[in-house]
file work-v3.pdb (PDB, C-alpha atoms)
MODEL        1
ATOM      1  CA  MET E 288      -4.347  14.776 -47.406
ATOM      2  CA  GLU E 289      -4.569  16.637 -44.130
ATOM      3  CA  ASN E 290      -1.527  17.016 -41.928
ATOM      4  CA  LYS E 291      -2.149  14.995 -38.753
ATOM      5  CA  GLN E 292      -0.490  15.846 -35.460
ATOM      6  CA  LYS E 293       2.039  13.202 -34.504
ATOM      7  CA  ILE E 294       1.534  11.827 -30.984
ATOM      8  CA  LEU E 295       4.142   9.653 -29.293
ATOM      9  CA  ILE E 296       2.742   7.505 -26.489
ATOM     10  CA  LEU E 297       5.372   5.998 -24.189
ATOM     11  CA  GLY E 298       4.385   3.058 -22.006
ATOM     12  CA  ALA E 299       2.116   1.861 -24.796
ATOM     13  CA  LYS E 300       1.564  -1.652 -23.429
ATOM     14  CA  GLY E 301       0.429  -0.487 -19.999
ATOM     15  CA  ASN E 302      -3.216   0.031 -19.054
ATOM     16  CA  LEU E 303      -3.260   3.800 -19.506
ATOM     17  CA  GLY E 304      -1.137   3.710 -22.645
ATOM     18  CA  GLN E 305      -3.458   1.190 -24.307
ATOM     19  CA  GLN E 306      -6.527   3.271 -23.519
ATOM     20  CA  LEU E 307      -4.949   6.475 -24.823
ATOM     21  CA  ILE E 308      -3.981   4.745 -28.062
ATOM     22  CA  LYS E 309      -7.623   3.750 -28.578
ATOM     23  CA  VAL E 310      -8.847   7.278 -27.867
ATOM     24  CA  PHE E 311      -6.434   8.993 -30.247
ATOM     25  CA  LEU E 312      -6.886   6.421 -33.025
ATOM     26  CA  PHE E 313     -10.662   6.768 -32.726
ATOM     27  CA  LYS E 314     -10.418  10.518 -33.277
ATOM     28  CA  LYS E 315      -8.657   9.858 -36.624
ATOM     29  CA  LYS E 316      -6.986  13.254 -36.638
ATOM     30  CA  TYR E 317      -3.741  12.105 -35.059
ATOM     31  CA  LYS E 318      -0.877   9.931 -36.202
ATOM     32  CA  VAL E 319      -0.216   7.715 -33.178
ATOM     33  CA  ILE E 320       3.217   6.250 -32.543
ATOM     34  CA  ALA E 321       3.108   3.833 -29.613
ATOM     35  CA  TRP E 322       6.361   2.760 -27.967
ATOM     36  CA  ASP E 323       6.939   0.456 -25.036
ATOM     37  CA  LYS E 324      10.160  -0.395 -23.214
ATOM     38  CA  ASN E 325      11.290  -2.647 -26.088
ATOM     39  CA  ASP E 326      11.111   0.311 -28.477
ATOM     40  CA  LEU E 327      12.840   2.828 -26.221
ATOM     41  CA  ASP E 328      14.642   2.477 -22.906
ATOM     42  CA  ILE E 329      13.546   5.754 -21.337
ATOM     43  CA  THR E 330      16.274   5.451 -18.696
ATOM     44  CA  ASN E 331      18.934   5.862 -21.398
ATOM     45  CA  LYS E 332      19.302   9.611 -21.873
ATOM     46  CA  ASN E 333      21.173   9.351 -25.187
ATOM     47  CA  LYS E 334      18.646   6.968 -26.736
ATOM     48  CA  VAL E 335      15.735   9.100 -25.526
ATOM     49  CA  ASN E 336      17.266  12.161 -27.125
ATOM     50  CA  LYS E 337      18.230  10.479 -30.394
ATOM     51  CA  LYS E 338      14.998   8.553 -31.044
ATOM     52  CA  ILE E 339      12.583  11.299 -30.045
ATOM     53  CA  VAL E 340      14.455  14.008 -31.960
ATOM     54  CA  GLN E 341      14.472  11.722 -35.003
ATOM     55  CA  LEU E 342      10.714  11.070 -34.694
ATOM     56  CA  ASN E 343       9.968  14.752 -33.973
ATOM     57  CA  PRO E 344       6.467  14.312 -32.514
ATOM     58  CA  ASP E 345       4.112  17.220 -31.869
ATOM     59  CA  ILE E 346       2.938  15.705 -28.590
ATOM     60  CA  ILE E 347       4.667  13.277 -26.220
ATOM     61  CA  ILE E 348       2.525  11.443 -23.683
ATOM     62  CA  ASN E 349       4.456   9.489 -21.061
ATOM     63  CA  THR E 350       2.466   6.760 -19.356
ATOM     64  CA  ALA E 351       5.515   4.624 -18.547
ATOM     65  CA  ALA E 352       6.035   4.061 -14.847
ATOM     66  CA  TYR E 353       7.546   1.757 -12.284
ATOM     67  CA  ASN E 354       4.663   0.757 -10.051
ATOM     68  CA  ALA E 355       5.824  -2.326  -8.127
ATOM     69  CA  VAL E 356       5.739  -0.451  -4.837
ATOM     70  CA  ASP E 357       6.187  -3.502  -2.607
ATOM     71  CA  ALA E 358       9.296  -4.638  -4.502
ATOM     72  CA  CYS E 359      10.890  -1.223  -4.395
ATOM     73  CA  GLU E 360      10.285  -0.885  -0.663
ATOM     74  CA  LYS E 361      12.127  -4.174  -0.026
ATOM     75  CA  ASN E 362      14.880  -4.168  -2.633
ATOM     76  CA  LYS E 363      17.472  -1.438  -3.192
ATOM     77  CA  LYS E 364      17.945  -2.338  -6.883
ATOM     78  CA  GLN E 365      14.217  -2.014  -7.471
ATOM     79  CA  PHE E 366      14.202   1.274  -5.587
ATOM     80  CA  GLU E 367      16.979   2.590  -7.858
ATOM     81  CA  LEU E 368      15.069   1.386 -10.921
ATOM     82  CA  ALA E 369      11.955   3.197  -9.690
ATOM     83  CA  LYS E 370      13.980   6.418  -9.361
ATOM     84  CA  GLU E 371      15.348   5.976 -12.884
ATOM     85  CA  ILE E 372      11.963   5.338 -14.503
ATOM     86  CA  ASN E 373       9.751   7.640 -12.440
ATOM     87  CA  GLY E 374      12.311  10.389 -11.919
ATOM     88  CA  TYR E 375      15.337  10.807 -14.146
ATOM     89  CA  ALA E 376      13.699   9.399 -17.294
ATOM     90  CA  VAL E 377      10.843  11.879 -17.028
ATOM     91  CA  GLY E 378      13.414  14.665 -16.974
ATOM     92  CA  TYR E 379      15.119  13.285 -20.092
ATOM     93  CA  ILE E 380      11.811  13.182 -21.944
ATOM     94  CA  ALA E 381      10.793  16.662 -20.763
ATOM     95  CA  LYS E 382      14.122  18.118 -21.897
ATOM     96  CA  VAL E 383      13.907  16.665 -25.395
ATOM     97  CA  ALA E 384      10.257  17.752 -25.657
ATOM     98  CA  GLU E 385      11.314  21.296 -24.864
ATOM     99  CA  GLU E 386      14.153  21.132 -27.395
ATOM    100  CA  ILE E 387      11.880  20.062 -30.260
ATOM    101  CA  GLY E 388       8.919  22.209 -29.208
ATOM    102  CA  ALA E 389       6.636  19.270 -28.431
ATOM    103  CA  ILE E 390       3.842  19.337 -25.883
ATOM    104  CA  PHE E 391       4.749  16.992 -23.014
ATOM    105  CA  VAL E 392       2.113  15.219 -20.952
ATOM    106  CA  HIS E 393       3.220  13.071 -18.017
ATOM    107  CA  TYR E 394       0.974  10.968 -15.855
ATOM    108  CA  SER E 395       2.057  10.387 -12.305
ATOM    109  CA  THR E 396       0.752   8.784  -9.172
ATOM    110  CA  ASN E 397      -2.517   9.843  -7.641
ATOM    111  CA  TYR E 398      -0.743  10.129  -4.294
ATOM    112  CA  VAL E 399       1.112  13.386  -5.021
ATOM    113  CA  PHE E 400      -1.952  15.616  -4.744
ATOM    114  CA  ASP E 401      -4.920  15.116  -2.473
ATOM    115  CA  GLY E 402      -7.444  15.400  -5.324
ATOM    116  CA  ARG E 403      -9.466  18.216  -3.790
ATOM    117  CA  ASN E 404      -8.777  20.751  -6.551
ATOM    118  CA  LYS E 405     -11.534  20.185  -9.100
ATOM    119  CA  ASN E 406      -9.656  22.289 -11.689
ATOM    120  CA  GLY E 407      -6.562  20.075 -11.675
ATOM    121  CA  TYR E 408      -2.993  20.940 -10.779
ATOM    122  CA  SER E 409      -0.073  22.651 -12.495
ATOM    123  CA  GLN E 410       3.540  21.526 -12.489
ATOM    124  CA  ILE E 411       4.542  24.436 -10.241
ATOM    125  CA  GLN E 412       1.842  23.936  -7.642
ATOM    126  CA  LEU E 413       2.869  22.856  -4.169
ATOM    127  CA  ILE E 414       2.142  19.197  -3.563
ATOM    128  CA  THR E 415      -0.098  17.874  -0.828
ATOM    129  CA  MET E 416       1.260  14.374  -0.406
ATOM    130  CA  VAL E 417      -1.239  11.783   0.662
ATOM    131  CA  ARG E 418       1.261   8.945   0.739
ATOM    132  CA  VAL E 419       4.924   8.539  -0.125
ATOM    133  CA  ASN E 420       6.041   5.603  -2.248
ATOM    134  CA  CYS E 421       9.468   4.778  -3.627
TER     135      CYS E 421
ENDMDL
END

call {"tool": "encode", "arguments": {"input": "work-v3.pdb", "output": "structure tokens"}}
result
Amino acid sequence: MENKQKILILGAKGNLGQQLIKVFLFKKKYKVIAWDKNDLDITNKNKVNKKIVQLNPDIIINTAAYNAVDACEKNKKQFELAKEINGYAVGYIAKVAEEIGAIFVHYSTNYVFDGRNKNGYSQIQLITMVRVNC
């Protein structure tokens, strides 16, 4: 039996997460583990560390995001939740990925870069904000 790469997809019940699950399952060369917020609260640093270290995936793909922009603009609690999910949690996941030597892929808003670079963007590239949301 061949050794399949283990891929952890976070945000598995969202639109992007569901599509990525289909793509990787179709390829049949990956073992896909799909978690949503009921499987792992990504805002809990200790749980993120413990569960991901225990799973020890080769690749972590984070598609989880807070995207209720209108709610977060009007409500301080929602704004804080957006910061937790879209900010701090991403850092927790990135740190554990580095610790276990996993590749980390994070999807973010399309409003951080203007989209003019046809070759994509790196994590150290200066942003060209089109719009600022929570």

call {"tool": "resolve_selection", "arguments": {"input": "work-v3.pdb", "expression": "the PyMOL selection byres ((chain E and resi 355) around 12)", "output": "PyMOL selection string"}}
result
chain E and resi 352-354+356-362+365-366+368-369+372-373+420-421

call {"tool": "residues_around", "arguments": {"input": "work-v3.pdb", "residues": "E:Tyr317", "least_positions_apart": "2", "cutoff": "12 Å", "atoms": "all atoms listed in the file", "output": "list in words"}}
result
Glu289, Asn290, Lys291, Gln292, Lys293, Ile294, Leu295, Ile296, Leu307, Ile308, Lys309, Val310, Phe311, Leu312, Phe313, Lys314, Lys315, Val319, Ile320, Pro344, Asp345 and Ile346 of chain E

call {"tool": "resolve_selection", "arguments": {"input": "work-v3.pdb", "expression": "the PyMOL selection byres ((chain E and resi 392) around 6)", "output": "tab-separated table (two decimals) with C-alpha atoms, in the frame of the given file"}}
result
chain	number	residue	atom	x	y	z
E	348	ILE	CA	2.52	11.44	-23.68
E	391	PHE	CA	4.75	16.99	-23.01
E	393	HIS	CA	3.22	13.07	-18.02

call {"tool": "residues_near_point", "arguments": {"input": "work-v3.pdb", "point": "(5.2, 5.2, -17.8)", "cutoff": "6 Å", "atoms": "all atoms listed in the file", "output": "list in words"}}
result
Gly298, Asn349, Thr350, Ala351 and Ala352 of chain E

call {"tool": "resolve_selection", "arguments": {"input": "work-v3.pdb", "expression": "the PyMOL selection byres ((chain E and resi 388) around 12)", "output": "JSON, numbers by chain"}}
result
{"E": [339, 340, 343, 344, 345, 346, 347, 380, 381, 382, 383, 384, 385, 386, 387, 389, 390, 391]}

call {"tool": "axis_aligned_box", "arguments": {"input": "work-v3.pdb", "around": "stretch 392-395 of chain E", "padding_each_side": "8 Å", "output": "AutoDock Vina command-line options"}}
result
--center_x 2.1 --center_y 12.8 --center_z -16.6 --size_x 18.2 --size_y 20.8 --size_z 24.6

call {"tool": "atom_distance", "arguments": {"input": "work-v3.pdb", "atom1": "atom CA of E:Lys370", "atom2": "atom CA of E:Asn333"}}
result
17.6 Å

call {"tool": "atom_distance", "arguments": {"input": "work-v3.pdb", "atom1": "atom CA of E:Leu327", "atom2": "atom CA of E:Gly378"}}
result
15.0 Å

call {"tool": "atom_distance", "arguments": {"input": "work-v3.pdb", "atom1": "atom CA of E:Lys405", "atom2": "atom CA of E:Lys316"}}
result
28.8 Å

call {"tool": "decode", "arguments": {"input": "work-v3.pdb", "residues": "chain E", "atoms": "C-alpha atoms", "output": "compact mmCIF listing (two decimals), in the first residue's frame"}}
result
# COMPACT_ATOMS: atom_id res chain seq x y z
CA MET E 288 0.00 0.00 0.00
CA GLU E 289 1.38 3.39 -0.93
CA ASN E 290 1.96 6.01 1.72
CA LYS E 291 -0.51 8.85 1.08
CA GLN E 292 0.18 12.41 2.16
CA LYS E 293 -2.13 13.43 4.97
CA ILE E 294 -4.00 16.69 4.29
CA LEU E 295 -5.92 18.49 7.01
CA ILE E 296 -8.60 20.84 5.68
CA LEU E 297 -9.94 23.32 8.23
CA GLY E 298 -13.25 25.03 7.51
CA ALA E 299 -14.43 21.85 5.83
CA LYS E 300 -18.13 22.76 5.73
CA GLY E 301 -17.59 26.10 4.01
CA ASN E 302 -17.77 26.58 0.25
CA LEU E 303 -14.03 26.51 -0.39
CA GLY E 304 -13.40 23.71 2.08
CA GLN E 305 -16.03 21.49 0.44
CA GLN E 306 -14.57 22.06 -3.01
CA LEU E 307 -11.02 21.32 -1.86
CA ILE E 308 -12.16 18.08 -0.23
CA LYS E 309 -13.64 16.97 -3.56
CA VAL E 310 -10.47 17.86 -5.45
CA PHE E 311 -8.11 16.02 -3.10
CA LEU E 312 -10.36 12.96 -2.77
CA PHE E 313 -10.65 12.77 -6.55
CA LYS E 314 -6.87 12.64 -6.89
CA LYS E 315 -6.83 9.52 -4.66
CA LYS E 316 -3.24 10.09 -3.61
CA TYR E 317 -4.05 11.97 -0.43
CA LYS E 318 -5.59 11.02 2.89
CA VAL E 319 -8.03 13.87 3.55
CA ILE E 320 -9.00 14.82 7.08
CA ALA E 321 -11.75 17.44 7.04
CA TRP E 322 -12.49 19.41 10.21
CA ASP E 323 -15.02 22.14 10.82
CA LYS E 324 -15.58 24.29 13.90
CA ASN E 325 -17.25 21.39 15.74
CA ASP E 326 -14.08 19.31 15.34
CA LEU E 327 -11.63 22.03 16.33
CA ASP E 328 -12.10 25.51 17.75
CA ILE E 329 -9.25 27.24 15.93
CA THR E 330 -9.45 30.19 18.33
CA ASN E 331 -8.29 27.93 21.19
CA LYS E 332 -4.50 27.90 20.96
CA ASN E 333 -4.05 24.87 23.23
CA LYS E 334 -6.59 22.75 21.35
CA VAL E 335 -5.11 23.75 18.00
CA ASN E 336 -1.67 22.70 19.16
CA LYS E 337 -2.77 19.45 20.78
CA LYS E 338 -5.08 18.16 18.03
CA ILE E 339 -2.89 19.09 15.08
CA VAL E 340 0.29 17.74 16.67
CA GLN E 341 -1.57 14.51 17.44
CA LEU E 342 -2.84 14.23 13.84
CA ASN E 343 0.57 15.21 12.39
CA PRO E 344 -0.60 16.12 8.87
CA ASP E 345 1.80 16.73 5.99
CA ILE E 346 -0.27 19.64 4.71
CA ILE E 347 -2.67 21.96 6.54
CA ILE E 348 -5.12 23.98 4.46
CA ASN E 349 -7.05 26.63 6.37
CA THR E 350 -10.25 27.76 4.68
CA ALA E 351 -11.96 28.76 7.94
CA ALA E 352 -12.89 32.42 8.10
CA TYR E 353 -15.23 34.92 9.67
CA ASN E 354 -16.94 36.62 6.75
CA ALA E 355 -20.01 38.36 8.19
CA VAL E 356 -18.59 41.78 7.39
CA ASP E 357 -21.79 43.72 8.08
CA ALA E 358 -22.18 42.17 11.54
CA CYS E 359 -18.60 42.85 12.50
CA GLU E 360 -18.82 46.47 11.41
CA LYS E 361 -21.83 47.02 13.70
CA ASN E 362 -21.07 44.83 16.70
CA LYS E 363 -17.92 44.92 18.83
CA LYS E 364 -18.27 41.26 19.89
CA GLN E 365 -18.47 40.20 16.26
CA PHE E 366 -15.48 42.39 15.46
CA GLU E 367 -13.48 40.67 18.22
CA LEU E 368 -14.58 37.26 16.92
CA ALA E 369 -13.44 38.23 13.42
CA LYS E 370 -10.01 39.16 14.81
CA GLU E 371 -9.79 35.84 16.64
CA ILE E 372 -10.75 33.71 13.64
CA ASN E 373 -9.10 35.67 10.83
CA GLY E 374 -6.07 36.82 12.80
CA TYR E 375 -4.91 35.08 15.95
CA ALA E 376 -6.15 31.61 14.97
CA VAL E 377 -4.21 31.73 11.72
CA GLY E 378 -1.08 32.43 13.75
CA TYR E 379 -1.78 29.45 16.02
CA ILE E 380 -2.17 27.16 13.03
CA ALA E 381 0.93 28.53 11.29
CA LYS E 382 3.02 28.03 14.43
CA VAL E 383 2.00 24.40 14.89
CA ALA E 384 2.52 23.75 11.17
CA GLU E 385 6.06 25.04 11.50
CA GLU E 386 6.66 22.92 14.60
CA ILE E 387 5.61 19.68 12.91
CA GLY E 388 7.12 20.52 9.52
CA ALA E 389 3.78 20.67 7.70
CA ILE E 390 3.10 22.80 4.65
CA PHE E 391 0.59 25.51 5.60
CA VAL E 392 -1.82 27.00 3.08
CA HIS E 393 -4.11 29.82 4.18
CA TYR E 394 -6.79 31.43 2.08
CA SER E 395 -7.63 35.02 2.82
CA THR E 396 -9.79 37.76 1.44
CA ASN E 397 -9.46 38.92 -2.12
CA TYR E 398 -9.31 42.49 -0.83
CA VAL E 399 -5.74 42.37 0.51
CA PHE E 400 -4.07 42.44 -2.91
CA ASP E 401 -5.31 44.22 -5.99
CA GLY E 402 -5.07 41.09 -8.17
CA ARG E 403 -2.82 42.61 -10.81
CA ASN E 404 0.11 40.24 -10.24
CA LYS E 405 -0.56 37.29 -12.54
CA ASN E 406 2.11 35.22 -10.75
CA GLY E 407 0.43 35.43 -7.35
CA TYR E 408 1.73 36.90 -4.12
CA SER E 409 4.07 35.79 -1.35
CA GLN E 410 3.54 36.18 2.38
CA ILE E 411 6.27 38.83 2.59
CA GLN E 412 5.03 40.96 -0.28
CA LEU E 413 3.71 44.42 0.50
CA ILE E 414 -0.07 44.54 0.34
CA THR E 415 -2.05 46.79 -1.95
CA MET E 416 -5.32 47.03 -0.07
CA VAL E 417 -8.38 47.48 -2.20
CA ARG E 418 -10.78 47.61 0.73
CA VAL E 419 -10.50 47.22 4.48
CA ASN E 420 -12.94 44.99 6.33
CA CYS E 421 -13.03 44.02 9.99
